[in-house]
Each structure stands twice: as structure tokens, then as C-alpha cells.
$ cat query05.pdb   # PDB, C-alpha atoms, pLDDT in the B column
ATOM      1  CA  MET A   1      92.334 120.158  75.540  1.00 80.00           C
ATOM      2  CA  SER A   2      88.972 118.410  75.763  1.00 91.00           C
ATOM      3  CA  HIS A   3      86.837 119.240  78.761  1.00 92.00           C
ATOM      4  CA  PHE A   4      85.534 115.656  78.765  1.00 97.00           C
ATOM      5  CA  PHE A   5      88.685 113.551  78.195  1.00 98.00           C
ATOM      6  CA  VAL A   6      91.664 113.958  80.497  1.00 96.00           C
ATOM      7  CA  ASP A   7      94.971 112.229  81.088  1.00 94.00           C
ATOM      8  CA  ARG A   8      97.567 112.718  83.781  1.00 93.00           C
ATOM      9  CA  THR A   9      99.477 115.297  81.736  1.00 94.00           C
ATOM     10  CA  HIS A  10      96.441 117.630  81.984  1.00 93.00           C
ATOM     11  CA  CYS A  11      96.212 117.340  85.775  1.00 97.00           C
ATOM     12  CA  ALA A  12      97.540 119.660  88.464  1.00 97.00           C
ATOM     13  CA  HIS A  13     100.640 118.138  90.096  1.00 98.00           C
ATOM     14  CA  HIS A  14     101.577 118.494  93.760  1.00 98.00           C
ATOM     15  CA  VAL A  15     104.192 116.795  95.943  1.00 98.00           C
ATOM     16  CA  ILE A  16     102.271 116.434  99.208  1.00 97.00           C
ATOM     17  CA  PHE A  17     104.886 114.507 101.237  1.00 98.00           C
ATOM     18  CA  PRO A  18     108.397 113.288 100.364  1.00 98.00           C
ATOM     19  CA  GLY A  19     107.952 110.601  97.687  1.00 98.00           C
ATOM     20  CA  VAL A  20     104.188 111.178  97.407  1.00 98.00           C
ATOM     21  CA  ASP A  21     103.022 112.855  94.181  1.00 98.00           C
ATOM     22  CA  ILE A  22      99.399 113.609  93.299  1.00 98.00           C
ATOM     23  CA  TYR A  23      97.772 114.492  89.963  1.00 98.00           C
ATOM     24  CA  THR A  24      94.321 116.021  90.401  1.00 98.00           C
ATOM     25  CA  LEU A  25      91.256 116.571  88.252  1.00 97.00           C
ATOM     26  CA  CYS A  26      88.299 118.716  89.314  1.00 97.00           C
ATOM     27  CA  GLY A  27      84.661 118.397  88.408  1.00 97.00           C
ATOM     28  CA  ASP A  28      82.102 120.861  89.713  1.00 97.00           C
ATOM     29  CA  ASN A  29      81.816 119.369  93.209  1.00 98.00           C
ATOM     30  CA  VAL A  30      84.192 116.419  93.351  1.00 98.00           C
ATOM     31  CA  MET A  31      87.944 115.895  92.814  1.00 98.00           C
ATOM     32  CA  LEU A  32      89.917 112.883  91.593  1.00 98.00           C
ATOM     33  CA  SER A  33      93.503 112.527  92.786  1.00 98.00           C
ATOM     34  CA  LEU A  34      95.891 109.967  91.285  1.00 98.00           C
ATOM     35  CA  VAL A  35      98.461 109.258  93.979  1.00 98.00           C
ATOM     36  CA  GLU A  36     101.920 107.793  93.375  1.00 98.00           C
ATOM     37  CA  PHE A  37     104.041 106.669  96.316  1.00 98.00           C
ATOM     38  CA  GLU A  38     107.672 105.693  96.229  1.00 98.00           C
ATOM     39  CA  PRO A  39     108.388 102.540  98.277  1.00 98.00           C
ATOM     40  CA  HIS A  40     108.052 103.259 102.023  1.00 98.00           C
ATOM     41  CA  ALA A  41     106.794 106.825 101.420  1.00 98.00           C
ATOM     42  CA  VAL A  42     104.430 108.116 104.112  1.00 98.00           C
ATOM     43  CA  VAL A  43     101.352 110.326 104.162  1.00 98.00           C
ATOM     44  CA  GLU A  44     101.567 111.535 107.749  1.00 98.00           C
ATOM     45  CA  ARG A  45      98.543 111.352 110.037  1.00 98.00           C
ATOM     46  CA  HIS A  46      96.182 114.226 109.284  1.00 98.00           C
ATOM     47  CA  SER A  47      92.504 114.998 108.867  1.00 98.00           C
ATOM     48  CA  HIS A  48      90.339 117.349 106.797  1.00 97.00           C
ATOM     49  CA  PRO A  49      86.640 118.181 106.661  1.00 98.00           C
ATOM     50  CA  HIS A  50      86.300 116.693 103.139  1.00 98.00           C
ATOM     51  CA  GLU A  51      85.172 113.095 102.834  1.00 98.00           C
ATOM     52  CA  GLN A  52      87.662 110.862 101.015  1.00 98.00           C
ATOM     53  CA  LEU A  53      86.949 107.591  99.219  1.00 98.00           C
ATOM     54  CA  GLY A  54      89.563 105.691  97.279  1.00 98.00           C
ATOM     55  CA  LEU A  55      90.712 102.626  95.379  1.00 98.00           C
ATOM     56  CA  MET A  56      94.113 100.924  95.453  1.00 98.00           C
ATOM     57  CA  LEU A  57      95.337 100.607  91.858  1.00 98.00           C
ATOM     58  CA  SER A  58      98.660  98.786  92.321  1.00 98.00           C
ATOM     59  CA  GLY A  59     101.032  97.922  95.121  1.00 98.00           C
ATOM     60  CA  GLU A  60     100.195  97.632  98.806  1.00 98.00           C
ATOM     61  CA  ALA A  61     100.119 100.078 101.693  1.00 98.00           C
ATOM     62  CA  GLU A  62      99.275 100.166 105.391  1.00 98.00           C
ATOM     63  CA  PHE A  63      96.317 102.445 106.086  1.00 98.00           C
ATOM     64  CA  GLN A  64      95.543 103.768 109.547  1.00 98.00           C
ATOM     65  CA  ILE A  65      92.043 105.260 109.625  1.00 98.00           C
ATOM     66  CA  GLY A  66      90.684 106.363 112.981  1.00 97.00           C
ATOM     67  CA  ASP A  67      91.642 103.468 115.277  1.00 96.00           C
ATOM     68  CA  GLU A  68      91.709 100.777 112.547  1.00 98.00           C
ATOM     69  CA  THR A  69      94.823  99.575 110.687  1.00 98.00           C
ATOM     70  CA  ARG A  70      94.793  97.453 107.525  1.00 98.00           C
ATOM     71  CA  ARG A  71      97.083  96.330 104.746  1.00 98.00           C
ATOM     72  CA  VAL A  72      95.306  97.469 101.551  1.00 98.00           C
ATOM     73  CA  LYS A  73      95.931  95.704  98.231  1.00 98.00           C
ATOM     74  CA  ALA A  74      95.017  96.432  94.597  1.00 97.00           C
ATOM     75  CA  GLY A  75      91.249  96.445  94.100  1.00 97.00           C
ATOM     76  CA  GLU A  76      90.462  97.290  97.726  1.00 98.00           C
ATOM     77  CA  MET A  77      88.804 100.556  98.758  1.00 98.00           C
ATOM     78  CA  TRP A  78      88.600 102.988 101.667  1.00 98.00           C
ATOM     79  CA  ARG A  79      86.019 105.425 102.963  1.00 98.00           C
ATOM     80  CA  ILE A  80      87.228 108.175 105.269  1.00 98.00           C
ATOM     81  CA  PRO A  81      84.485 110.435 106.624  1.00 98.00           C
ATOM     82  CA  GLY A  82      85.332 114.105 107.045  1.00 98.00           C
ATOM     83  CA  GLY A  83      87.338 114.800 110.187  1.00 98.00           C
ATOM     84  CA  VAL A  84      88.656 111.248 110.722  1.00 98.00           C
ATOM     85  CA  PRO A  85      92.475 111.155 111.099  1.00 98.00           C
ATOM     86  CA  HIS A  86      94.341 108.873 108.704  1.00 98.00           C
ATOM     87  CA  LYS A  87      97.897 107.892 107.714  1.00 98.00           C
ATOM     88  CA  VAL A  88      99.279 105.799 104.837  1.00 98.00           C
ATOM     89  CA  ILE A  89     102.609 103.954 104.648  1.00 98.00           C
ATOM     90  CA  ALA A  90     103.603 102.495 101.270  1.00 98.00           C
ATOM     91  CA  GLY A  91     104.984  98.968 101.171  1.00 98.00           C
ATOM     92  CA  ASP A  92     108.196  97.711  99.565  1.00 98.00           C
ATOM     93  CA  GLN A  93     107.020  98.468  96.014  1.00 98.00           C
ATOM     94  CA  PRO A  94     105.721 101.647  94.347  1.00 98.00           C
ATOM     95  CA  VAL A  95     102.040 102.293  95.051  1.00 98.00           C
ATOM     96  CA  ARG A  96      99.371 103.836  92.799  1.00 98.00           C
ATOM     97  CA  ALA A  97      95.990 104.794  94.202  1.00 98.00           C
ATOM     98  CA  LEU A  98      92.997 106.920  93.305  1.00 98.00           C
ATOM     99  CA  ASP A  99      91.483 109.226  95.915  1.00 98.00           C
ATOM    100  CA  VAL A 100      88.173 111.048  95.587  1.00 98.00           C
ATOM    101  CA  PHE A 101      87.524 114.207  97.628  1.00 98.00           C
ATOM    102  CA  GLN A 102      84.157 115.816  98.217  1.00 98.00           C
ATOM    103  CA  PRO A 103      83.943 118.748  98.345  1.00 98.00           C
ATOM    104  CA  ILE A 104      86.943 119.716  96.221  1.00 98.00           C
ATOM    105  CA  ARG A 105      90.184 120.271  98.145  1.00 97.00           C
ATOM    106  CA  GLU A 106      91.096 123.799  97.135  1.00 96.00           C
ATOM    107  CA  ASP A 107      94.711 123.223  98.255  1.00 95.00           C
ATOM    108  CA  TYR A 108      95.074 120.406  95.682  1.00 96.00           C
ATOM    109  CA  ARG A 109      93.638 122.221  92.635  1.00 94.00           C
TER     110      ARG A 109
ATOM    111  CA  MET B 110      82.414  94.830 108.310  1.00 80.00           C
ATOM    112  CA  SER B 111      84.621  97.861 108.751  1.00 91.00           C
ATOM    113  CA  HIS B 112      83.087 101.203 107.868  1.00 92.00           C
ATOM    114  CA  PHE B 113      86.505 102.373 106.650  1.00 97.00           C
ATOM    115  CA  PHE B 114      87.823  99.406 104.646  1.00 98.00           C
ATOM    116  CA  VAL B 115      85.746  97.963 101.819  1.00 96.00           C
ATOM    117  CA  ASP B 116      86.211  95.416  99.064  1.00 94.00           C
ATOM    118  CA  ARG B 117      83.987  94.495  96.149  1.00 93.00           C
ATOM    119  CA  THR B 118      82.192  91.795  98.130  1.00 94.00           C
ATOM    120  CA  HIS B 119      80.776  94.506 100.444  1.00 93.00           C
ATOM    121  CA  CYS B 120      79.429  96.603  97.561  1.00 97.00           C
ATOM    122  CA  ALA B 121      75.915  96.747  96.136  1.00 97.00           C
ATOM    123  CA  HIS B 122      75.784  94.902  92.795  1.00 98.00           C
ATOM    124  CA  HIS B 123      73.640  95.910  89.794  1.00 98.00           C
ATOM    125  CA  VAL B 124      73.551  94.762  86.187  1.00 98.00           C
ATOM    126  CA  ILE B 125      72.884  98.054  84.414  1.00 97.00           C
ATOM    127  CA  PHE B 126      73.046  96.833  80.778  1.00 98.00           C
ATOM    128  CA  PRO B 127      73.654  93.366  79.289  1.00 98.00           C
ATOM    129  CA  GLY B 128      77.260  92.477  80.143  1.00 98.00           C
ATOM    130  CA  VAL B 129      77.773  95.582  82.301  1.00 98.00           C
ATOM    131  CA  ASP B 130      78.020  94.962  86.051  1.00 98.00           C
ATOM    132  CA  ILE B 131      78.602  97.649  88.679  1.00 98.00           C
ATOM    133  CA  TYR B 132      79.699  97.379  92.325  1.00 98.00           C
ATOM    134  CA  THR B 133      78.979 100.553  94.267  1.00 98.00           C
ATOM    135  CA  LEU B 134      80.175 102.141  97.502  1.00 97.00           C
ATOM    136  CA  CYS B 135      78.561 105.201  99.068  1.00 97.00           C
ATOM    137  CA  GLY B 136      80.102 107.906 101.158  1.00 97.00           C
ATOM    138  CA  ASP B 137      78.009 110.728 102.579  1.00 97.00           C
ATOM    139  CA  ASN B 138      77.818 112.749  99.337  1.00 98.00           C
ATOM    140  CA  VAL B 139      79.762 110.800  96.711  1.00 98.00           C
ATOM    141  CA  MET B 140      79.547 107.292  95.216  1.00 98.00           C
ATOM    142  CA  LEU B 141      82.232 105.022  93.763  1.00 98.00           C
ATOM    143  CA  SER B 142      81.160 102.505  91.119  1.00 98.00           C
ATOM    144  CA  LEU B 143      83.481  99.734  89.919  1.00 98.00           C
ATOM    145  CA  VAL B 144      82.288  98.863  86.412  1.00 98.00           C
ATOM    146  CA  GLU B 145      83.013  95.578  84.626  1.00 98.00           C
ATOM    147  CA  PHE B 146      82.192  95.243  80.925  1.00 98.00           C
ATOM    148  CA  GLU B 147      82.215  92.055  78.912  1.00 98.00           C
ATOM    149  CA  PRO B 148      83.893  92.519  75.515  1.00 98.00           C
ATOM    150  CA  HIS B 149      81.693  94.662  73.209  1.00 98.00           C
ATOM    151  CA  ALA B 150      79.159  95.389  75.971  1.00 98.00           C
ATOM    152  CA  VAL B 151      77.433  98.761  75.654  1.00 98.00           C
ATOM    153  CA  VAL B 152      76.224 101.423  78.063  1.00 98.00           C
ATOM    154  CA  GLU B 153      73.541 103.005  75.888  1.00 98.00           C
ATOM    155  CA  ARG B 154      73.425 106.774  75.414  1.00 98.00           C
ATOM    156  CA  HIS B 155      71.811 108.406  78.439  1.00 98.00           C
ATOM    157  CA  SER B 156      72.195 111.372  80.757  1.00 98.00           C
ATOM    158  CA  HIS B 157      71.572 112.177  84.415  1.00 97.00           C
ATOM    159  CA  PRO B 158      71.797 115.296  86.553  1.00 98.00           C
ATOM    160  CA  HIS B 159      74.709 113.861  88.606  1.00 98.00           C
ATOM    161  CA  GLU B 160      78.233 114.725  87.529  1.00 98.00           C
ATOM    162  CA  GLN B 161      80.380 111.697  86.688  1.00 98.00           C
ATOM    163  CA  LEU B 162      84.168 111.474  86.710  1.00 98.00           C
ATOM    164  CA  GLY B 163      86.068 108.266  86.070  1.00 98.00           C
ATOM    165  CA  LEU B 164      89.276 106.378  85.461  1.00 98.00           C
ATOM    166  CA  MET B 165      89.903 103.491  83.064  1.00 98.00           C
ATOM    167  CA  LEU B 166      91.469 100.641  85.054  1.00 98.00           C
ATOM    168  CA  SER B 167      92.060  98.019  82.349  1.00 98.00           C
ATOM    169  CA  GLY B 168      91.007  97.373  78.774  1.00 98.00           C
ATOM    170  CA  GLU B 169      89.845  99.948  76.245  1.00 98.00           C
ATOM    171  CA  ALA B 170      86.469 101.413  75.344  1.00 98.00           C
ATOM    172  CA  GLU B 171      84.986 103.981  72.998  1.00 98.00           C
ATOM    173  CA  PHE B 172      83.403 106.858  74.884  1.00 98.00           C
ATOM    174  CA  GLN B 173      80.931 109.246  73.303  1.00 98.00           C
ATOM    175  CA  ILE B 174      80.425 112.291  75.541  1.00 98.00           C
ATOM    176  CA  GLY B 175      78.327 115.144  74.176  1.00 97.00           C
ATOM    177  CA  ASP B 176      79.597 115.499  70.606  1.00 96.00           C
ATOM    178  CA  GLU B 177      83.116 114.102  71.270  1.00 98.00           C
ATOM    179  CA  THR B 178      84.223 110.495  70.701  1.00 98.00           C
ATOM    180  CA  ARG B 179      87.469 108.979  72.014  1.00 98.00           C
ATOM    181  CA  ARG B 180      89.117 105.620  72.514  1.00 98.00           C
ATOM    182  CA  VAL B 181      89.947 105.550  76.257  1.00 98.00           C
ATOM    183  CA  LYS B 182      92.788 103.396  77.594  1.00 98.00           C
ATOM    184  CA  ALA B 183      93.956 102.354  81.064  1.00 97.00           C
ATOM    185  CA  GLY B 184      95.063 105.371  83.103  1.00 97.00           C
ATOM    186  CA  GLU B 185      92.924 107.850  81.167  1.00 98.00           C
ATOM    187  CA  MET B 186      90.025 109.750  82.751  1.00 98.00           C
ATOM    188  CA  TRP B 187      86.699 111.334  81.864  1.00 98.00           C
ATOM    189  CA  ARG B 188      84.632 114.191  83.260  1.00 98.00           C
ATOM    190  CA  ILE B 189      80.934 114.247  82.360  1.00 98.00           C
ATOM    191  CA  PRO B 190      79.046 117.276  83.670  1.00 98.00           C
ATOM    192  CA  GLY B 191      75.467 116.701  84.824  1.00 98.00           C
ATOM    193  CA  GLY B 192      73.021 116.509  81.920  1.00 98.00           C
ATOM    194  CA  VAL B 193      75.553 115.695  79.184  1.00 98.00           C
ATOM    195  CA  PRO B 194      74.573 112.564  77.175  1.00 98.00           C
ATOM    196  CA  HIS B 195      77.151 109.772  77.009  1.00 98.00           C
ATOM    197  CA  LYS B 196      77.595 106.228  75.710  1.00 98.00           C
ATOM    198  CA  VAL B 197      80.344 103.625  76.215  1.00 98.00           C
ATOM    199  CA  ILE B 198      81.233 100.668  73.982  1.00 98.00           C
ATOM    200  CA  ALA B 199      83.733  98.151  75.341  1.00 98.00           C
ATOM    201  CA  GLY B 200      86.512  96.944  73.050  1.00 98.00           C
ATOM    202  CA  ASP B 201      87.537  93.386  72.222  1.00 98.00           C
ATOM    203  CA  GLN B 202      88.714  92.619  75.755  1.00 98.00           C
ATOM    204  CA  PRO B 203      87.005  92.873  79.158  1.00 98.00           C
ATOM    205  CA  VAL B 204      87.017  96.401  80.570  1.00 98.00           C
ATOM    206  CA  ARG B 205      87.300  97.572  84.181  1.00 98.00           C
ATOM    207  CA  ALA B 206      86.648 101.179  85.110  1.00 98.00           C
ATOM    208  CA  LEU B 207      85.915 103.310  88.153  1.00 98.00           C
ATOM    209  CA  ASP B 208      83.132 105.878  88.011  1.00 98.00           C
ATOM    210  CA  VAL B 209      82.473 108.549  90.615  1.00 98.00           C
ATOM    211  CA  PHE B 210      79.005 110.092  90.956  1.00 98.00           C
ATOM    212  CA  GLN B 211      78.146 113.274  92.787  1.00 98.00           C
ATOM    213  CA  PRO B 212      75.594 113.468  94.255  1.00 98.00           C
ATOM    214  CA  ILE B 213      74.976 109.798  95.002  1.00 98.00           C
ATOM    215  CA  ARG B 214      72.890 107.951  92.409  1.00 97.00           C
ATOM    216  CA  GLU B 215      70.050 106.596  94.525  1.00 96.00           C
ATOM    217  CA  ASP B 216      69.200 104.025  91.813  1.00 95.00           C
ATOM    218  CA  TYR B 217      72.688 102.479  92.193  1.00 95.00           C
ATOM    219  CA  ARG B 218      72.766 102.163  96.002  1.00 94.00           C
TER     220      ARG B 218
END

$ encode --input "query05.pdb" --output "C-alpha cells"
Amino acid sequence: MSHFFVDRTHCAHHVIFPGVDIYTLCGDNVMLSLVEFEPHAVVERHSHPHEQLGLMLSGEAEFQIGDETRRVKAGEMWRIPGGVPHKVIAGDQPVRALDVFQPIREDYR
Amino acid sequence: MSHFFVDRTHCAHHVIFPGVDIYTLCGDNVMLSLVEFEPHAVVERHSHPHEQLGLMLSGEAEFQIGDETRRVKAGEMWRIPGGVPHKVIAGDQPVRALDVFQPIREDYR
């Protein structure tokens, strides 16, 4: 396997909530996480010290970040500072998103 | 503008090479960069101390990283350690990609 070129089959796979699968890739100090939601799947409200930025790839989901709630569509992004609680509820269709964690989430390696 | 929810219109815009536009979003310690290539546009061979991970969103491009060359398609990823030279040549169609830089590239803010 190349160190430089990676596809999903090379990633670590975790099921983090029912119907929510992630496929992660680590650099030295940052982690990518491809997230796949089944329709209506939920990432329950939680927080972590890592900052989290992300991009919606396909589908739509409701994001609750701190005290703000938005419907997020493909091409839109989020920025969750460390420690800010957040929750995600997938819409009626499957959802694909990319999350970025800094520092690396050791529990998702 | 929400601090948490961001779309491309809120991002900083730079033209980094002819036909290569980037739209960047900063967190505290990591940067997202949406990259749009015109067909056949080129990011010339260069290197930087920041590590760079990324995901191909649409289209195809030839990536040269260190001494490896690959055709990269939608859904595939790259991981470029700091200091490793790299070059990208877009294919016959427009290309959209997401790059992640850590630490933040101050020249792309």
C-alpha cells in the first residue's frame, strides 16, 4: 500500500452509532474521517477536546452545534471548536460527509 | 455569519495557479481548502512544511507525490507529509477537491 495514495479500503472502519459508519485516515497531526449515515441515523449530542471541521459530500442532515441548528446540504461546511457539544440527524436519504479532527482522535484510529 | 456553519461564499478566495482557485476555511489549528481546477490546469511541483491530506470530490487528476504518480478519482484520498514535493495535473474535465493543511497555511488565509 502506498503511504501517499489511499482509498476507503485502506482506512480504519468504526461503527460509531447505529447506522453511522466512519472510515478514517491519519496523518501526523490531523485525521480525515469519511462518514456514511443511513437515512435518519443520529450522531447523539457529544463533545470532545479536538476541533472538528467538515464538508457535506452528499445528502442533507440537521446539525446542532452549541445553540445553533441548521440544515446542511452538499458543499456546505461546519467548524466545531473543541469542547462545543454537537449532534447530527441524517435526512430522508443516505448522507456522506467528511470530518477533519485535530489533533487525531485516538479512539477512531 | 455563523461561526459554526460556513459555505464557500464565506471563505477566503485565492487563485494559486492559472485555472486553480481555492476557497479556504480556518479552524484554530487546521485549514480546509476547496480546490477547483479548470480542465488541464496544473499545480506546479512544490513543497511546504505543512502536512496535507485530501479527498477528490469530482473529476480526475494526475498526482505526483515524491516519486509516485497516480491517477486519482472521486472518493480517493492523498496524504502528503510536510516537505514532500508534489504536483497535480487536472484531467479533461473540471476537478473539485478538498485539501486539509496542518498547521494552517498563513499564505492561504

$ resolve_selection --input "query05.pdb" --expression "the PyMOL selection byres ((chain B and resi 216) around 12)" --output "PyMOL selection string"
chain B and resi 121-125+131+133+135+140+157+159+210+212-215+217-218

$ closest_residue --input "query05.pdb" --among "A:Ala97, A:His10, A:His3, A:Pro18" --to "Leu166 of chain B" --atoms "only C-alpha atoms"
A:Ala97

$ interface_residues --input "query05.pdb" --of "chain A" --to "chain B" --cutoff "8 Å" --atoms "only C-alpha atoms" --output "compact mmCIF listing (two decimals) with C-alpha atoms, keeping the file's coordinate frame"
# COMPACT_ATOMS: atom_id res chain seq x y z
CA HIS A 3 86.84 119.24 78.76
CA PHE A 4 85.53 115.66 78.76
CA PHE A 5 88.68 113.55 78.19
CA VAL A 6 91.66 113.96 80.50
CA ASP A 7 94.97 112.23 81.09
CA ARG A 8 97.57 112.72 83.78
CA GLY A 27 84.66 118.40 88.41
CA ASP A 28 82.10 120.86 89.71
CA ASN A 29 81.82 119.37 93.21
CA VAL A 30 84.19 116.42 93.35
CA LEU A 32 89.92 112.88 91.59
CA GLU A 51 85.17 113.10 102.83
CA LEU A 53 86.95 107.59 99.22
CA LEU A 57 95.34 100.61 91.86
CA ILE A 65 92.04 105.26 109.62
CA ARG A 70 94.79 97.45 107.52
CA GLY A 75 91.25 96.44 94.10
CA GLU A 76 90.46 97.29 97.73
CA MET A 77 88.80 100.56 98.76
CA TRP A 78 88.60 102.99 101.67
CA ARG A 79 86.02 105.42 102.96
CA ILE A 80 87.23 108.18 105.27
CA PRO A 81 84.48 110.44 106.62
CA VAL A 100 88.17 111.05 95.59
CA GLN A 102 84.16 115.82 98.22

$ resolve_selection --input "query05.pdb" --expression "the PyMOL selection byres ((chain B and resi 151) around 8)" --output "VMD selection string"
chain B and resid 126 to 129 146 149 to 150 152 to 153 196 to 199

$ atom_distance --input "query05.pdb" --atom1 "atom CA of His155 of chain B" --atom2 "atom CA of Met56 of chain A"
29.0 Å

$ atom_distance --input "query05.pdb" --atom1 "atom CA of Arg154 of chain B" --atom2 "atom CA of Cys120 of chain B"
25.1 Å

$ atom_distance --input "query05.pdb" --atom1 "atom CA of Ser58 of chain A" --atom2 "atom CA of Asp99 of chain A"
13.2 Å
